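Novice: Sharing target39.pdb (PDB, C-alpha atoms) below.
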ATOM      1  CA  MET A  19      17.362 -40.788  19.008
ATOM      2  CA  LYS A  20      19.052 -38.107  16.963
ATOM      3  CA  ARG A  21      19.296 -40.242  13.885
ATOM      4  CA  HIS A  22      18.569 -37.450  11.419
ATOM      5  CA  ILE A  23      21.490 -35.396  12.729
ATOM      6  CA  ILE A  24      23.921 -38.333  12.427
ATOM      7  CA  LEU A  25      22.580 -39.151   8.952
ATOM      8  CA  GLU A  26      22.999 -35.546   7.837
ATOM      9  CA  GLY A  27      26.554 -35.584   9.193
ATOM     10  CA  ILE A  28      27.434 -38.695   7.201
ATOM     11  CA  ARG A  29      25.759 -37.284   4.087
ATOM     12  CA  GLY A  30      27.635 -34.025   4.545
ATOM     13  CA  SER A  31      31.010 -35.745   4.812
ATOM     14  CA  LEU A  32      30.401 -37.795   1.665
ATOM     15  CA  ASN A  33      29.051 -35.069  -0.636
ATOM     16  CA  PRO A  34      29.739 -31.330  -0.799
ATOM     17  CA  PHE A  35      27.619 -29.708   1.874
ATOM     18  CA  THR A  36      27.459 -26.299   0.201
ATOM     19  CA  THR A  37      24.149 -25.270  -1.348
ATOM     20  CA  LYS A  38      24.094 -24.590  -5.078
ATOM     21  CA  TYR A  39      21.998 -21.498  -4.472
ATOM     22  CA  PRO A  40      22.323 -19.064  -7.381
ATOM     23  CA  LYS A  41      22.246 -21.908  -9.941
ATOM     24  CA  LYS A  42      19.565 -23.919  -8.168
ATOM     25  CA  SER A  43      16.693 -21.834  -6.814
ATOM     26  CA  TYR A  44      15.862 -22.210  -3.147
ATOM     27  CA  ILE A  45      12.345 -22.275  -1.691
ATOM     28  CA  PRO A  46      12.122 -21.348   2.006
ATOM     29  CA  PRO A  47      10.231 -23.650   4.406
ATOM     30  CA  ASP A  48       6.550 -23.189   5.259
ATOM     31  CA  GLY A  49       5.876 -20.365   7.652
ATOM     32  CA  PHE A  50       8.672 -18.225   6.265
ATOM     33  CA  ARG A  51       7.691 -14.574   6.313
ATOM     34  CA  GLY A  52       8.877 -13.047   3.064
ATOM     35  CA  ALA A  53       7.820 -10.038   1.041
ATOM     36  CA  ALA A  54       4.127  -9.129   1.359
ATOM     37  CA  GLU A  55       2.091  -8.753  -1.794
ATOM     38  CA  TYR A  56      -1.323  -7.269  -2.566
ATOM     39  CA  ASP A  57      -4.148  -9.121  -4.231
ATOM     40  CA  ALA A  58      -5.324  -6.348  -6.541
ATOM     41  CA  GLU A  59      -8.750  -7.949  -7.100
ATOM     42  CA  ARG A  60      -9.585  -8.253  -3.419
ATOM     43  CA  CYS A  61      -8.084  -5.037  -2.067
ATOM     44  CA  VAL A  62     -10.742  -2.378  -1.457
ATOM     45  CA  GLY A  63      -8.393   0.401  -0.369
ATOM     46  CA  CYS A  64      -9.617   0.808   3.209
ATOM     47  CA  GLY A  65      -6.075   1.455   4.480
ATOM     48  CA  ALA A  66      -6.305  -0.806   7.545
ATOM     49  CA  CYS A  67      -2.865  -2.238   6.749
ATOM     50  CA  SER A  68      -1.310   1.204   6.594
ATOM     51  CA  GLN A  69      -2.861   2.133   9.942
ATOM     52  CA  GLN A  70      -1.558  -0.981  11.688
ATOM     53  CA  CYS A  71       1.902  -1.305  10.078
ATOM     54  CA  PRO A  72       4.375  -1.078  13.019
ATOM     55  CA  PRO A  73       7.385   0.391  11.134
ATOM     56  CA  GLY A  74       5.180   2.490   8.832
ATOM     57  CA  ALA A  75       6.141   0.678   5.643
ATOM     58  CA  ILE A  76       2.659   0.918   4.112
ATOM     59  CA  THR A  77       1.548   4.394   3.131
ATOM     60  CA  TYR A  78      -1.207   5.723   0.922
ATOM     61  CA  THR A  79      -1.609   8.928  -0.998
ATOM     62  CA  ASP A  80      -4.909  10.201  -2.392
ATOM     63  CA  ASP A  81      -4.918  12.015  -5.671
ATOM     64  CA  GLU A  82      -7.753  13.091  -8.003
ATOM     65  CA  LYS A  83      -8.838   9.651  -9.141
ATOM     66  CA  GLU A  84      -7.072   6.961  -7.187
ATOM     67  CA  ARG A  85      -5.835   5.935  -3.785
ATOM     68  CA  LYS A  86      -2.257   4.728  -4.164
ATOM     69  CA  LEU A  87      -1.263   2.134  -1.544
ATOM     70  CA  ARG A  88       2.491   1.574  -1.417
ATOM     71  CA  LEU A  89       4.466  -0.975   0.580
ATOM     72  CA  SER A  90       8.202  -0.308   0.785
ATOM     73  CA  TYR A  91      10.281  -3.449   1.337
ATOM     74  CA  GLY A  92      13.116  -1.304   2.603
ATOM     75  CA  VAL A  93      11.082  -0.330   5.671
ATOM     76  CA  CYS A  94       8.940  -3.472   6.132
ATOM     77  CA  SER A  95       9.974  -5.660   9.069
ATOM     78  CA  PHE A  96       8.084  -8.727   7.754
ATOM     79  CA  CYS A  97       6.008  -9.080  10.928
ATOM     80  CA  GLY A  98       2.805 -10.101   9.146
ATOM     81  CA  ARG A  99       0.561  -7.636  10.985
ATOM     82  CA  CYS A 100      -0.963  -6.414   7.704
ATOM     83  CA  GLU A 101      -2.013  -9.950   6.799
ATOM     84  CA  GLU A 102      -3.516 -10.335  10.259
ATOM     85  CA  VAL A 103      -5.622  -7.175  10.205
ATOM     86  CA  CYS A 104      -6.748  -7.109   6.565
ATOM     87  CA  PRO A 105     -10.564  -7.519   6.700
ATOM     88  CA  TRP A 106     -10.720  -8.471   3.005
ATOM     89  CA  ASP A 107      -7.920 -11.064   2.953
ATOM     90  CA  ALA A 108      -6.156  -9.015   0.292
ATOM     91  CA  ILE A 109      -2.523  -8.881   1.481
ATOM     92  CA  HIS A 110      -0.382 -11.951   2.010
ATOM     93  CA  LEU A 111       3.209 -12.662   2.962
ATOM     94  CA  THR A 112       4.844 -14.676   0.188
ATOM     95  CA  LYS A 113       8.024 -16.723   0.198
ATOM     96  CA  LYS A 114       9.809 -14.145  -1.932
ATOM     97  CA  TYR A 115      13.159 -13.114  -0.453
ATOM     98  CA  GLU A 116      15.310 -12.030  -3.412
ATOM     99  CA  LEU A 117      14.682  -8.322  -3.002
ATOM    100  CA  ALA A 118      18.097  -6.834  -3.786
ATOM    101  CA  VAL A 119      17.837  -3.676  -5.944
ATOM    102  CA  TYR A 120      20.116  -1.010  -7.373
ATOM    103  CA  ASN A 121      17.859   1.927  -6.488
ATOM    104  CA  ARG A 122      16.219   2.464  -3.142
ATOM    105  CA  GLU A 123      12.837   3.332  -4.663
ATOM    106  CA  ASP A 124      12.568   0.109  -6.682
ATOM    107  CA  ALA A 125      11.973  -2.119  -3.671
ATOM    108  CA  GLU A 126       8.255  -1.575  -3.354
ATOM    109  CA  THR A 127       4.890  -2.951  -4.342
ATOM    110  CA  GLY A 128       1.397  -1.525  -4.294
ATOM    111  CA  VAL A 129      -2.075  -1.175  -5.757
ATOM    112  CA  ASP A 130      -4.096   1.718  -7.157
ATOM    113  CA  ILE A 131      -7.725   1.843  -6.003
ATOM    114  CA  PRO A 132     -10.203   4.025  -7.958
ATOM    115  CA  PHE A 133     -12.365   6.523  -6.067
ATOM    116  CA  PHE A 134     -16.134   6.846  -6.092
ATOM    117  CA  GLN A 135     -17.351  10.204  -7.331
ATOM    118  CA  CYS A 136     -20.062  12.172  -5.580
ATOM    119  CA  THR A 137     -23.296  12.050  -7.599
ATOM    120  CA  GLU A 138     -23.986  15.757  -6.979
ATOM    121  CA  CYS A 139     -20.673  17.577  -7.348
ATOM    122  CA  GLY A 140     -18.503  14.854  -8.924
ATOM    123  CA  ARG A 141     -15.808  15.101  -6.295
ATOM    124  CA  PRO A 142     -14.024  11.768  -5.633
ATOM    125  CA  PHE A 143     -14.216  11.026  -1.919
ATOM    126  CA  PHE A 144     -14.323   7.288  -1.111
ATOM    127  CA  PRO A 145     -12.689   4.118  -2.527
ATOM    128  CA  TYR A 146     -15.264   2.588  -4.858
ATOM    129  CA  PRO A 147     -14.534  -1.121  -4.146
ATOM    130  CA  GLN A 148     -14.803  -0.475  -0.406
ATOM    131  CA  MET A 149     -18.257   1.073  -0.854
ATOM    132  CA  LYS A 150     -19.413  -1.887  -2.942
ATOM    133  CA  ALA A 151     -18.023  -4.463  -0.524
ATOM    134  CA  SER A 152     -19.473  -2.705   2.536
ATOM    135  CA  LEU A 153     -22.938  -2.570   0.950
ATOM    136  CA  GLU A 154     -22.794  -6.280   0.201
ATOM    137  CA  LYS A 155     -21.754  -6.986   3.765
ATOM    138  CA  VAL A 156     -24.652  -5.111   5.373
ATOM    139  CA  GLY A 157     -27.194  -6.117   2.690
ATOM    140  CA  GLU A 158     -28.614  -9.116   4.546
ATOM    141  CA  THR A 159     -28.986  -7.280   7.825
ATOM    142  CA  LEU A 160     -30.774  -4.442   6.055
ATOM    143  CA  ALA A 161     -33.163  -6.871   4.373
ATOM    144  CA  GLU A 162     -34.276  -8.111   7.816
ATOM    145  CA  TYR A 163     -35.470  -4.604   8.650
ATOM    146  CA  GLY A 164     -37.096  -4.123   5.261
ATOM    147  CA  ILE A 165     -34.624  -1.600   3.920
ATOM    148  CA  LYS A 166     -33.447  -1.944   0.344
ATOM    149  CA  GLN A 167     -29.778  -1.904  -0.488
ATOM    150  CA  GLU A 168     -30.354   0.765  -3.136
ATOM    151  CA  GLU A 169     -31.743   3.175  -0.574
ATOM    152  CA  LEU A 170     -28.575   2.990   1.499
ATOM    153  CA  ALA A 171     -26.456   3.247  -1.638
ATOM    154  CA  ASN A 172     -28.344   6.391  -2.513
ATOM    155  CA  LEU A 173     -27.696   7.761   0.943
ATOM    156  CA  ILE A 174     -23.961   7.274   0.889
ATOM    157  CA  SER A 175     -23.415   8.322  -2.730
ATOM    158  CA  LEU A 176     -23.056  11.971  -1.685
ATOM    159  CA  CYS A 177     -19.847  13.469  -0.415
ATOM    160  CA  PRO A 178     -19.836  14.927   3.129
ATOM    161  CA  THR A 179     -20.160  18.498   1.850
ATOM    162  CA  CYS A 180     -23.077  17.802  -0.485
ATOM    163  CA  SER A 181     -24.998  15.704   2.020
ATOM    164  CA  PHE A 182     -25.581  18.806   4.151
ATOM    165  CA  THR A 183     -26.350  21.258   1.363
ATOM    166  CA  VAL A 184     -28.708  19.515  -1.089
ATOM    167  CA  ASP A 185     -32.436  19.899  -0.873
ATOM    168  CA  LYS A 186     -33.036  16.188  -0.210
ATOM    169  CA  MET A 187     -32.399  16.866   3.445
ATOM    170  CA  PRO A 188     -35.803  15.912   5.001
ATOM    171  CA  GLU A 189     -35.993  12.748   2.945
ATOM    172  CA  ARG A 190     -32.541  11.690   4.073
ATOM    173  CA  ARG A 191     -33.358  12.520   7.655
ATOM    174  CA  MET A 192     -36.422  10.273   7.521
ATOM    175  CA  PHE A 193     -34.288   7.478   6.150
ATOM    176  CA  MET A 194     -31.735   7.938   8.898
ATOM    177  CA  ARG A 195     -34.546   7.733  11.459
ATOM    178  CA  ARG A 196     -35.663   4.427   9.981
ATOM    179  CA  LEU A 197     -32.094   3.142  10.152
ATOM    180  CA  VAL A 198     -31.726   4.055  13.808
ATOM    181  CA  LYS A 199     -34.974   2.251  14.707
TER     182      LYS A 199
ATOM    183  CA  MET B  24      42.503  -3.952 -18.966
ATOM    184  CA  ASN B  25      40.338  -7.008 -19.382
ATOM    185  CA  LEU B  26      42.538  -9.002 -17.029
ATOM    186  CA  VAL B  27      42.170  -6.342 -14.338
ATOM    187  CA  ARG B  28      38.416  -6.359 -14.718
ATOM    188  CA  TRP B  29      38.258 -10.138 -14.718
ATOM    189  CA  SER B  30      40.285 -10.335 -11.513
ATOM    190  CA  ARG B  31      38.167  -7.616  -9.936
ATOM    191  CA  ILE B  32      34.986  -9.561 -10.612
ATOM    192  CA  ARG B  33      36.514 -12.829  -9.439
ATOM    193  CA  SER B  34      37.818 -11.543  -6.094
ATOM    194  CA  PRO B  35      35.717  -8.790  -4.545
ATOM    195  CA  TRP B  36      37.153  -8.759  -1.038
ATOM    196  CA  VAL B  37      34.775  -7.374   1.502
ATOM    197  CA  PHE B  38      35.085  -5.312   4.631
ATOM    198  CA  HIS B  39      32.184  -5.612   7.032
ATOM    199  CA  PHE B  40      31.146  -2.565   9.002
ATOM    200  CA  ASN B  41      28.326  -2.351  11.521
ATOM    201  CA  ALA B  42      27.024   1.209  11.627
ATOM    202  CA  GLY B  43      24.706   0.802  14.601
ATOM    203  CA  GLY B  44      22.580  -2.246  13.826
ATOM    204  CA  CYS B  45      21.178  -4.898  16.153
ATOM    205  CA  ASN B  46      23.672  -7.615  15.039
ATOM    206  CA  GLY B  47      20.963  -9.633  13.259
ATOM    207  CA  CYS B  48      22.372  -8.862   9.815
ATOM    208  CA  ASP B  49      25.945  -9.462  11.033
ATOM    209  CA  ILE B  50      25.031 -12.964  12.135
ATOM    210  CA  GLU B  51      23.428 -13.588   8.736
ATOM    211  CA  ILE B  52      26.693 -12.458   7.096
ATOM    212  CA  LEU B  53      28.522 -15.037   9.199
ATOM    213  CA  ALA B  54      25.981 -17.617   8.058
ATOM    214  CA  ALA B  55      26.620 -16.628   4.441
ATOM    215  CA  LEU B  56      30.381 -17.037   4.997
ATOM    216  CA  ASN B  57      30.200 -20.503   6.541
ATOM    217  CA  PRO B  58      30.581 -23.683   4.433
ATOM    218  CA  ARG B  59      26.811 -24.233   4.115
ATOM    219  CA  TYR B  60      26.248 -21.119   1.962
ATOM    220  CA  ASP B  61      29.899 -20.310   1.265
ATOM    221  CA  ILE B  62      30.004 -16.837  -0.248
ATOM    222  CA  GLU B  63      33.741 -17.453  -0.842
ATOM    223  CA  ARG B  64      32.678 -19.311  -3.986
ATOM    224  CA  PHE B  65      32.476 -15.850  -5.558
ATOM    225  CA  GLY B  66      35.875 -14.877  -4.215
ATOM    226  CA  MET B  67      34.418 -12.814  -1.398
ATOM    227  CA  ILE B  68      36.837 -12.984   1.521
ATOM    228  CA  LEU B  69      36.172 -11.065   4.700
ATOM    229  CA  ARG B  70      39.099  -8.752   5.441
ATOM    230  CA  GLY B  71      39.984  -7.062   8.693
ATOM    231  CA  SER B  72      41.079  -3.785   7.147
ATOM    232  CA  PRO B  73      39.247  -1.480   4.735
ATOM    233  CA  ARG B  74      42.559  -0.912   2.883
ATOM    234  CA  HIS B  75      42.469  -4.511   1.653
ATOM    235  CA  ALA B  76      38.857  -4.435   0.554
ATOM    236  CA  ASP B  77      36.939  -3.636  -2.633
ATOM    237  CA  VAL B  78      33.435  -3.871  -1.228
ATOM    238  CA  LEU B  79      32.171  -2.193   1.929
ATOM    239  CA  LEU B  80      29.469  -4.387   3.435
ATOM    240  CA  CYS B  81      27.531  -1.998   5.633
ATOM    241  CA  THR B  82      24.803  -3.003   8.071
ATOM    242  CA  GLY B  83      22.757  -1.006  10.516
ATOM    243  CA  THR B  84      21.148   2.386  10.429
ATOM    244  CA  VAL B  85      23.861   5.041  10.529
ATOM    245  CA  THR B  86      23.800   6.676  13.936
ATOM    246  CA  ARG B  87      24.965  10.259  14.325
ATOM    247  CA  GLN B  88      27.917   9.139  16.411
ATOM    248  CA  ILE B  89      29.220   6.696  13.792
ATOM    249  CA  ARG B  90      28.710   8.891  10.741
ATOM    250  CA  ASN B  91      32.259  10.307  10.693
ATOM    251  CA  ARG B  92      33.788   6.869  11.228
ATOM    252  CA  LEU B  93      31.802   5.456   8.309
ATOM    253  CA  GLN B  94      32.950   8.314   6.106
ATOM    254  CA  ARG B  95      36.570   7.803   7.132
ATOM    255  CA  ILE B  96      36.390   4.059   6.528
ATOM    256  CA  TYR B  97      34.796   4.667   3.114
ATOM    257  CA  GLU B  98      37.656   6.985   2.208
ATOM    258  CA  GLN B  99      40.201   4.331   3.214
ATOM    259  CA  VAL B 100      38.827   1.764   0.758
ATOM    260  CA  PRO B 101      40.956   1.963  -2.425
ATOM    261  CA  GLU B 102      39.319   2.874  -5.750
ATOM    262  CA  PRO B 103      37.237   1.459  -7.372
ATOM    263  CA  LYS B 104      35.053   0.853  -4.346
ATOM    264  CA  PHE B 105      31.543  -0.472  -3.974
ATOM    265  CA  VAL B 106      29.085  -0.339  -1.128
ATOM    266  CA  MET B 107      26.417  -2.911  -0.264
ATOM    267  CA  ALA B 108      23.708  -1.773   2.149
ATOM    268  CA  LEU B 109      22.592  -4.874   3.984
ATOM    269  CA  GLY B 110      19.298  -5.080   5.832
ATOM    270  CA  ASN B 111      16.402  -2.687   6.208
ATOM    271  CA  CYS B 112      18.200  -0.342   8.582
ATOM    272  CA  ALA B 113      21.014   0.224   6.096
ATOM    273  CA  CYS B 114      18.555   0.637   3.208
ATOM    274  CA  THR B 115      16.115   3.186   4.633
ATOM    275  CA  GLY B 116      16.443   3.274   8.389
ATOM    276  CA  GLY B 117      13.822   0.560   8.831
ATOM    277  CA  VAL B 118      12.055   0.610  12.179
ATOM    278  CA  PHE B 119      14.354   3.428  13.317
ATOM    279  CA  GLN B 120      12.974   5.847  10.746
ATOM    280  CA  ASN B 121      12.237   9.302  12.192
ATOM    281  CA  CYS B 122      14.425   8.697  15.249
ATOM    282  CA  TYR B 123      16.412  11.713  16.432
ATOM    283  CA  ASN B 124      19.766   9.909  16.516
ATOM    284  CA  VAL B 125      19.964   8.162  13.126
ATOM    285  CA  HIS B 126      20.762   9.134   9.544
ATOM    286  CA  GLU B 127      18.143   6.804   7.986
ATOM    287  CA  GLY B 128      20.253   4.686   5.718
ATOM    288  CA  VAL B 129      23.809   4.380   4.464
ATOM    289  CA  ASP B 130      23.047   6.313   1.265
ATOM    290  CA  LYS B 131      22.654   9.540   3.249
ATOM    291  CA  VAL B 132      26.386   9.394   4.042
ATOM    292  CA  VAL B 133      28.138   7.356   1.317
ATOM    293  CA  PRO B 134      26.942   6.313  -2.180
ATOM    294  CA  VAL B 135      25.417   2.814  -2.262
ATOM    295  CA  ASP B 136      25.547   0.366  -5.190
ATOM    296  CA  VAL B 137      23.230  -2.439  -4.073
ATOM    297  CA  TYR B 138      20.472  -2.459  -1.481
ATOM    298  CA  VAL B 139      19.526  -5.781   0.119
ATOM    299  CA  PRO B 140      16.226  -5.441   2.026
ATOM    300  CA  GLY B 141      15.312  -7.986   4.686
ATOM    301  CA  CYS B 142      15.036  -7.922   8.429
ATOM    302  CA  PRO B 143      17.481  -9.655   8.529
ATOM    303  CA  PRO B 144      18.078 -10.861   4.927
ATOM    304  CA  ARG B 145      18.486 -14.617   4.523
ATOM    305  CA  PRO B 146      21.990 -15.851   3.589
ATOM    306  CA  GLN B 147      20.497 -16.607   0.163
ATOM    307  CA  ALA B 148      19.310 -12.994  -0.101
ATOM    308  CA  ILE B 149      22.853 -11.810   0.721
ATOM    309  CA  ILE B 150      24.233 -14.108  -1.993
ATOM    310  CA  ASP B 151      21.598 -12.736  -4.385
ATOM    311  CA  GLY B 152      22.697  -9.191  -3.542
ATOM    312  CA  ALA B 153      26.348 -10.131  -4.085
ATOM    313  CA  VAL B 154      25.516 -11.694  -7.452
ATOM    314  CA  LYS B 155      23.620  -8.548  -8.460
ATOM    315  CA  LEU B 156      26.619  -6.427  -7.455
ATOM    316  CA  LEU B 157      28.957  -8.632  -9.521
ATOM    317  CA  THR B 158      26.590  -8.406 -12.521
ATOM    318  CA  LYS B 159      26.679  -4.626 -12.199
ATOM    319  CA  LEU B 160      30.475  -4.789 -12.041
ATOM    320  CA  SER B 161      30.779  -6.970 -15.117
ATOM    321  CA  LYS B 162      28.467  -4.678 -17.126
ATOM    322  CA  SER B 163      30.193  -1.419 -16.158
TER     323      SER B 163
END
Will you turn the file into structure tokens for me?

Specialist:
Amino acid sequence: MKRHIILEGIRGSLNPFTTKYPKKSYIPPDGFRGAAEYDAERCVGCGACSQQCPPGAITYTDDEKERKLRLSYGVCSFCGRCEEVCPWDAIHLTKKYELAVYNREDAETGVDIPFFQCTECGRPFFPYPQMKASLEKVGETLAEYGIKQEELANLISLCPTCSFTVDKMPERRMFMRRLVK
Amino acid sequence: MNLVRWSRIRSPWVFHFNAGGCNGCDIEILAALNPRYDIERFGMILRGSPRHADVLLCTGTVTRQIRNRLQRIYEQVPEPKFVMALGNCACTGGVFQNCYNVHEGVDKVVPVDVYVPGCPPRPQAIIDGAVKLLTKLSKS
């Protein structure tokens, strides 16, 4: 019935039972929740992971050109919520567990996402990969209603400030009306 | 001098102190001490008194109540002394960050040599941290 336990007991009494860990590397079993890592090619910088992270380990800071997503292993509780919520399948828990560091700041990972610049004023305001991915996602639905993808891209290529000040206002309003229909 | 250093690297006796954790890390320390993982291979013996120890193995986020005790225990460890912060709470405060009653990490109170993140860290991760501490010792 419990043959494997008895077998392991016999094996343990014949050979040394201690693992040879630092000399021989150890791979944790499947389902082990280790350090999370970003897939830099898939991440679009939407920040869903940072919004849902229970201990607040994932943070992002926006500067002039990039959105910097940072995951601190010192705060992470390895719950896997980020992997669950990521709409782009860009963050995964790995089997990495050797995270010991000499400085507190070293235990972190992250990606830098470039911003899209407003076509009128040149102000960066939105992660560029997210804009591209969103357009691709809604492209088919738009085609059903006879709206070209470029038209929508044109609409959202202006920053919130410019979209209310430029003289293309009536044109944009007409387009919005078509979208609502 | 070399003999002293050699013996220091070969027998870093540890004192374990829980500064307000949930006991998860403490149980992993026990797992690292048992014959399966056997941290005594590196000469690490758990001592009952800080006066016998070289390494202070500190777990748990430092609560306001325990801060003075941690300081006093750190002062009792004879020189040269080393501190290992074990687990996320000891590293940064972990899930207790921004709580009113914690000091968010051991390094706010006493200097820390090695941080071992994990919630809790595996016994292998503790061994890895110990090996990194010993490498630091042998280089210094």

Novice: Give me the residues near A:Leu153 as a ChimeraX atom specification, where near means some atom within 10 Å (using only C-alpha atoms) and where sequence neighbours in that chain fewer than 3 positions away do not count.

Specialist: /A:147-150,156-158,160,167-168,170-171,174

Novice: Just give me the gap between atom CA of A:Met192 and atom CA of A:Asn172 in Å, one decimal is fine.

Specialist: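 Those two atoms sit 13.5 Å apart.
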
Novice: Determine the residue set returned by the PyMOL selection byres ((chain A and resi 77) around 10) for the present structure, and present it as a list in words.

Specialist: Gly65, Cys67, Ser68, Gln69, Cys71, Gly74, Ala75, Ile76, Tyr78, Thr79, Lys86, Leu87, Arg88, Leu89, Ser90 and Gly128 of chain A

Novice: Save out the residues we just selected, C-alpha atoms, as an mmCIF file, in the coordinates of the input.

Specialist:
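Listing of result_20.cif after writing:
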data_model
loop_
_atom_site.group_PDB
_atom_site.id
_atom_site.type_symbol
_atom_site.label_atom_id
_atom_site.label_comp_id
_atom_site.auth_asym_id
_atom_site.auth_seq_id
_atom_site.Cartn_x
_atom_site.Cartn_y
_atom_site.Cartn_z
ATOM 1 C CA GLY A 65 -6.075 1.455 4.480
ATOM 2 C CA CYS A 67 -2.865 -2.238 6.749
ATOM 3 C CA SER A 68 -1.310 1.204 6.594
ATOM 4 C CA GLN A 69 -2.861 2.133 9.942
ATOM 5 C CA CYS A 71 1.902 -1.305 10.078
ATOM 6 C CA GLY A 74 5.180 2.490 8.832
ATOM 7 C CA ALA A 75 6.141 0.678 5.643
ATOM 8 C CA ILE A 76 2.659 0.918 4.112
ATOM 9 C CA TYR A 78 -1.207 5.723 0.922
ATOM 10 C CA THR A 79 -1.609 8.928 -0.998
ATOM 11 C CA LYS A 86 -2.257 4.728 -4.164
ATOM 12 C CA LEU A 87 -1.263 2.134 -1.544
ATOM 13 C CA ARG A 88 2.491 1.574 -1.417
ATOM 14 C CA LEU A 89 4.466 -0.975 0.580
ATOM 15 C CA SER A 90 8.202 -0.308 0.785
ATOM 16 C CA GLY A 128 1.397 -1.525 -4.294
#

Novice: For a test of reading the model, state the distance in Å between atom CA of A:Glu116 and atom CA of B:Gly66, rounded to one decimal.

Specialist: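 Result for atom CA of A:Glu116 versus atom CA of B:Gly66: 20.8 Å, one decimal.
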
Novice: If we count all atoms listed in the file, what is near stretch 110-126 of chain B at a cut-off of 8 Å, once residues fewer than 5 positions away on the same chain are taken out, given as a ChimeraX atom specification?

Specialist: /A:72-74,91-95,122 /B:44,48,81-87,131-132,138-144

Novice: Give me a file of those residues, with C-alpha atoms, as a CSV table (one decimal), keeping the file's coordinate frame.

Specialist:
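Okay, part09.csv is ready:
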chain,number,residue,atom,x,y,z
A,72,PRO,CA,4.4,-1.1,13.0
A,73,PRO,CA,7.4,0.4,11.1
A,74,GLY,CA,5.2,2.5,8.8
A,91,TYR,CA,10.3,-3.4,1.3
A,92,GLY,CA,13.1,-1.3,2.6
A,93,VAL,CA,11.1,-0.3,5.7
A,94,CYS,CA,8.9,-3.5,6.1
A,95,SER,CA,10.0,-5.7,9.1
A,122,ARG,CA,16.2,2.5,-3.1
B,44,GLY,CA,22.6,-2.2,13.8
B,48,CYS,CA,22.4,-8.9,9.8
B,81,CYS,CA,27.5,-2.0,5.6
B,82,THR,CA,24.8,-3.0,8.1
B,83,GLY,CA,22.8,-1.0,10.5
B,84,THR,CA,21.1,2.4,10.4
B,85,VAL,CA,23.9,5.0,10.5
B,86,THR,CA,23.8,6.7,13.9
B,87,ARG,CA,25.0,10.3,14.3
B,131,LYS,CA,22.7,9.5,3.2
B,132,VAL,CA,26.4,9.4,4.0
B,138,TYR,CA,20.5,-2.5,-1.5
B,139,VAL,CA,19.5,-5.8,0.1
B,140,PRO,CA,16.2,-5.4,2.0
B,141,GLY,CA,15.3,-8.0,4.7
B,142,CYS,CA,15.0,-7.9,8.4
B,143,PRO,CA,17.5,-9.7,8.5
B,144,PRO,CA,18.1,-10.9,4.9

Novice: What's around B:Lys104 at 9 Å? Count all atoms listed in the file, leave out sequence neighbours fewer than 3 positions away in its own chain, and write the answer as an MDAnalysis selection string.

Specialist: chainID B and resid 76:79 97 100:101

Novice: Could you list as number ranges by chain every residue that has an atom within 7 Å of (24.0, 2.3, -8.0), using the file's coordinates and counting all atoms listed in the file?

Specialist: A: 120-121; B: 135-137

Novice: How far is it from atom CA of B:Val129 to atom CA of A:Ala53, in Å with one decimal?

Specialist: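 Result for atom CA of B:Val129 versus atom CA of A:Ala53: 21.8 Å, one decimal.
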
Novice: Would you kindly translate the PyMOL selection byres ((chain A and resi 112) around 10) into the concrete residues it picks from this file, as a list in words?

Specialist: Gly49, Phe50, Arg51, Gly52, Ala53, Ala54, Glu55, Ile109, His110, Leu111, Lys113, Lys114 and Tyr115 of chain A

Novice: Considering all atoms listed in the file, can you say which of A:Ala58, A:Ile45, A:Ala118, A:Leu25 comes closest to chain B?

Specialist: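 Selected residue with least distance to chain B: A:Ala118.
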
Novice: Evaluate the PyMOL selection byres ((chain B and resi 71) around 12) against this structure - the residues, as a list in words, please.

Specialist: Trp36, Val37, Phe38, His39, Phe40, Ile68, Leu69, Arg70, Ser72, Pro73, Arg74, His75, Ala76, Leu79, Ile96 and Val100 of chain B

Novice: Given only C-alpha atoms as the basis, pick out the residue of A:Glu101, A:Asp81, A:Asp124, A:Asp107 nearest to chain B.

Specialist: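 Under the stated criterion, the closest residue is A:Asp124.
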